[in-house]
Amino acid sequence: PFLPLMTSIMMTMFSSIAGVSLRQAQQHHQIVRRQLLLQKRWQQSSARELLIDRSDHKITTLTLNRPKANAMGKVLMEQLSAAIQELEGCTETRCVILTSSSSRVFSAGADLKERAGMSLEEAEQTVTGLRNTLQRFSSLAMPTISVVEGVAVGGGLELAMAADLIVASRGSTFGLPETSLGIIPGAGGTQRLARLIGPARALELIATAQRFTAEEAYAYGILQHLVQPGMGDEKAVEIALQIAKNAPIAVRAAKEALKRGMEQVSIDDALDMERECYARTLPTKDRLEGLAAFREGRAPHYTGQ
C-alpha cells in the first residue's frame with residue numbers, strides 16, 4: 001500500500017511543479033511503467049522470435065525479436081500467426097502495437113537465405129502464407145499500430161503497412177526493393193501502398209526499388225506520426241491509451257466502416273490479383289539470378305527471362 005500511495009503523491013507533486021494536469025502525469029507514469037515492463041520481458045524472453053506483452057490487458061504489444069534483422073522466416077511467421085489467432089478471438093484487447101526489440105531495424109523483410117533453398121512450390125506456399133498472415137493482422141477488429149525504428153524494407157514495410165497506423169522515428173529507412181530481385185511485393189505491398197499514397201507514386205517507388213527516408217514516407221502519407229529517435233514506442237502507447245479509453249464496440253465498428261467504405265474493390269480480390277501477378281515471377285531465371293546475386297554479394301544481371 002505504501003508504494004502506490006507514494007506514487008500518487010509524487011505524481012500530484014510532479015503535476016503541480018511541472019504545470020501539467022494530473023491526468024497527463026498519470027498517462028506519463030503508465031507509459032514509463034509499460035516501457036520498463038517491456039524491457040524486463042525482452043531480457044527474460046530472448047529465445048522467442050515474437051514477444052507478446054499483455055501487462056495492460058487493454059493493450060497487446062507484439063515485439064519482433066529475431067536476431068540481427070528480424071528477417072521474416074518460418075519460425076517468426078508461425079509465432080506471429082499464432083498471436084494473431086489469439087487476437088482474432090479476443091474481446092479484451094482494445095489496441096495492438098507491433099514493434100521491434102531493435103532500435104536499428106523493424107524488419108528487413110523475407111529471409112532470402114531461407115527462401116533460396118526452396119522449390120518453386122515451397123516459395124509460392126511461403127509467400128501465400130505470409131500474405132494471408134498480414135491480411136489477418138490487417139483485418140483484426142481492434143486498431144493496430146506499427147512502430148518503426150530503423151529499417152523497414154520489403155516484407156518488413158509490407159508488415160508495417162498492414163497496421164492501421166504507423167509511427168516512425170526520424171532516421172528510419174523504407175523501401176520495396178523486390179523488382180531489383182526479379183519479383184514484386186507479394187504480401188500486399190502493391191495494394192496497400194497504392195491505397196495509402198495513390199497508384200502513380202506507388203508504382204514509382206516499386207518500379208525504381210528505391211529506398212526513402214522517414215521524412216519522405218511521412219510526406220507521401222505512409223506514416224501518420226514522425227517522432228524523434230527512440231520515441232516511437234512512447235508515441236504508440238500514448239495513442240493506444242487514448243484509443244483504449246473509448247467505447248470498444250464503437251471503435252471496432254468505426255474501423256470496420258472505414259475499411260469497408262474505402263475498399264470499392266475488396267482487398268481480398270486485390271490480393272488474389274496480386275498473387276496471380278507474383279506467380280508469374282516465380283519460374284523466371286531473373287528470380288533465381290536475384291537470389292544468387294544476393295547470396296554472392298554481387299550486382300545481379302537480369303535478362304528478362
# chains A, B, ... in the order shown; residues from 1 in each chain; ligands from 1
>>> residues_around(residues="segment 247-251 of chain A", least_positions_apart="2", cutoff="9 Å", atoms="only C-alpha atoms", output="PyMOL selection string")
chain A and resi 91-94+141-143+243-245+253-256
>>> write_last_selection(atoms="C-alpha atoms", output="PDB file, in the first residue's frame")
ATOM      1  CA  THR A  91     -12.576  -9.112 -26.726  1.00  0.00           C
ATOM      2  CA  GLU A  92     -10.404  -7.507 -24.026  1.00  0.00           C
ATOM      3  CA  THR A  93      -7.625  -6.060 -26.194  1.00  0.00           C
ATOM      4  CA  ARG A  94      -8.578  -2.626 -27.470  1.00  0.00           C
ATOM      5  CA  ALA A 141     -11.224  -5.944 -35.210  1.00  0.00           C
ATOM      6  CA  MET A 142      -9.253  -3.618 -32.937  1.00  0.00           C
ATOM      7  CA  PRO A 143      -6.992  -0.769 -34.171  1.00  0.00           C
ATOM      8  CA  ILE A 243      -7.978   4.528 -28.034  1.00  0.00           C
ATOM      9  CA  ALA A 244      -8.366   2.161 -25.082  1.00  0.00           C
ATOM     10  CA  LYS A 245     -10.339   4.673 -23.042  1.00  0.00           C
ATOM     11  CA  ALA A 253     -17.398  -0.536 -35.651  1.00  0.00           C
ATOM     12  CA  ALA A 254     -15.666   2.653 -36.806  1.00  0.00           C
ATOM     13  CA  LYS A 255     -12.688   0.665 -38.081  1.00  0.00           C
ATOM     14  CA  GLU A 256     -14.925  -1.759 -39.956  1.00  0.00           C
TER      15      GLU A 256
END
>>> select_by_dssp(residues="segment 65-180 of chain A", states="strand (DSSP E)", output="PyMOL selection string")
chain A and resi 95-100+105-107+144-148+151-153+165-169+173-175
>>> write_last_selection(atoms="N, CA and C atoms", output="compact mmCIF listing (two decimals), in the first residue's frame")
# COMPACT_ATOMS: atom_id res chain seq x y z
N CYS A 95 -6.36 -2.33 -28.41
CA CYS A 95 -5.40 -1.83 -29.40
C CYS A 95 -4.19 -2.75 -29.40
N VAL A 96 -3.60 -2.95 -30.57
CA VAL A 96 -2.41 -3.80 -30.71
C VAL A 96 -1.25 -2.94 -31.22
N ILE A 97 -0.11 -3.06 -30.58
CA ILE A 97 1.11 -2.37 -31.01
C ILE A 97 2.08 -3.42 -31.54
N LEU A 98 2.59 -3.20 -32.73
CA LEU A 98 3.60 -4.07 -33.33
C LEU A 98 4.91 -3.30 -33.40
N THR A 99 5.92 -3.79 -32.72
CA THR A 99 7.19 -3.06 -32.63
C THR A 99 8.36 -4.03 -32.76
N SER A 100 9.57 -3.54 -32.52
CA SER A 100 10.78 -4.34 -32.63
C SER A 100 11.63 -4.17 -31.39
N VAL A 105 16.40 -1.80 -36.54
CA VAL A 105 15.66 -2.43 -37.62
C VAL A 105 14.28 -2.87 -37.12
N PHE A 106 13.26 -2.54 -37.90
CA PHE A 106 11.92 -3.08 -37.66
C PHE A 106 11.87 -4.47 -38.27
N SER A 107 12.08 -4.55 -39.57
CA SER A 107 12.26 -5.83 -40.25
C SER A 107 12.86 -5.58 -41.62
N THR A 144 -4.71 -1.19 -34.88
CA THR A 144 -3.34 -1.68 -34.76
C THR A 144 -2.37 -0.56 -35.12
N ILE A 145 -1.21 -0.57 -34.46
CA ILE A 145 -0.19 0.46 -34.67
C ILE A 145 1.16 -0.21 -34.88
N SER A 146 1.85 0.13 -35.96
CA SER A 146 3.22 -0.33 -36.17
C SER A 146 4.18 0.76 -35.72
N VAL A 147 5.26 0.35 -35.08
CA VAL A 147 6.30 1.29 -34.64
C VAL A 147 7.59 0.93 -35.38
N VAL A 148 8.07 1.85 -36.20
CA VAL A 148 9.29 1.61 -36.99
C VAL A 148 10.42 2.47 -36.46
N VAL A 151 15.26 0.23 -40.01
CA VAL A 151 14.99 -0.25 -41.37
C VAL A 151 13.66 -1.01 -41.44
N ALA A 152 12.86 -0.68 -42.45
CA ALA A 152 11.64 -1.43 -42.76
C ALA A 152 11.56 -1.52 -44.29
N VAL A 153 12.05 -2.62 -44.83
CA VAL A 153 12.09 -2.77 -46.29
C VAL A 153 11.47 -4.10 -46.69
N LEU A 165 -2.17 2.25 -38.31
CA LEU A 165 -1.36 3.47 -38.14
C LEU A 165 0.11 3.08 -38.10
N ILE A 166 0.96 3.96 -38.59
CA ILE A 166 2.41 3.74 -38.50
C ILE A 166 3.04 4.94 -37.80
N VAL A 167 3.79 4.66 -36.75
CA VAL A 167 4.61 5.65 -36.07
C VAL A 167 6.06 5.31 -36.39
N ALA A 168 6.83 6.29 -36.86
CA ALA A 168 8.23 6.02 -37.20
C ALA A 168 9.12 7.15 -36.70
N SER A 169 10.36 6.80 -36.44
CA SER A 169 11.31 7.80 -35.96
C SER A 169 12.12 8.36 -37.12
N THR A 173 14.50 4.04 -42.42
CA THR A 173 14.61 3.85 -43.87
C THR A 173 13.56 2.87 -44.35
N PHE A 174 12.96 3.18 -45.50
CA PHE A 174 11.88 2.37 -46.04
C PHE A 174 12.17 2.03 -47.51
N GLY A 175 11.48 0.99 -48.00
CA GLY A 175 11.61 0.65 -49.41
C GLY A 175 10.96 -0.68 -49.73
>>> closest_atom_pairs(of="segment 261-293 of chain A", to="segment 115-137 of chain A", cutoff="9 Å", atoms="only C-alpha atoms", output="JSON lines")
{"residue": "A:Ile267", "atom": "CA", "partner": "A:Gln135", "partner_atom": "CA", "distance": 8.8}
{"residue": "A:Asp268", "atom": "CA", "partner": "A:Gln135", "partner_atom": "CA", "distance": 8.3}
{"residue": "A:Leu271", "atom": "CA", "partner": "A:Arg131", "partner_atom": "CA", "distance": 8.0}
{"residue": "A:Arg275", "atom": "CA", "partner": "A:Thr128", "partner_atom": "CA", "distance": 7.6}
{"residue": "A:Tyr278", "atom": "CA", "partner": "A:Glu124", "partner_atom": "CA", "distance": 8.8}
{"residue": "A:Ala279", "atom": "CA", "partner": "A:Glu124", "partner_atom": "CA", "distance": 7.3}
{"residue": "A:Leu282", "atom": "CA", "partner": "A:Leu120", "partner_atom": "CA", "distance": 6.5}
{"residue": "A:Pro283", "atom": "CA", "partner": "A:Leu120", "partner_atom": "CA", "distance": 7.0}
{"residue": "A:Leu288", "atom": "CA", "partner": "A:Ala116", "partner_atom": "CA", "distance": 8.1}
{"residue": "A:Leu291", "atom": "CA", "partner": "A:Ala116", "partner_atom": "CA", "distance": 6.2}
{"residue": "A:Ala292", "atom": "CA", "partner": "A:Ala116", "partner_atom": "CA", "distance": 7.9}
>>> closest_residue(among="A:Ala293, A:Ala236, A:Val227, A:Ala71", to="Gly154 of chain A", atoms="only C-alpha atoms")
A:Ala71
>>> residues_around(residues="Ser180 of chain A", least_positions_apart="5", cutoff="9 Å", atoms="only C-alpha atoms", output="PyMOL selection string")
chain A and resi 207-209+290+300
>>> atom_distance(atom1="atom CA of Gly189 of chain A", atom2="atom CA of Leu62 of chain A")
20.9 Å
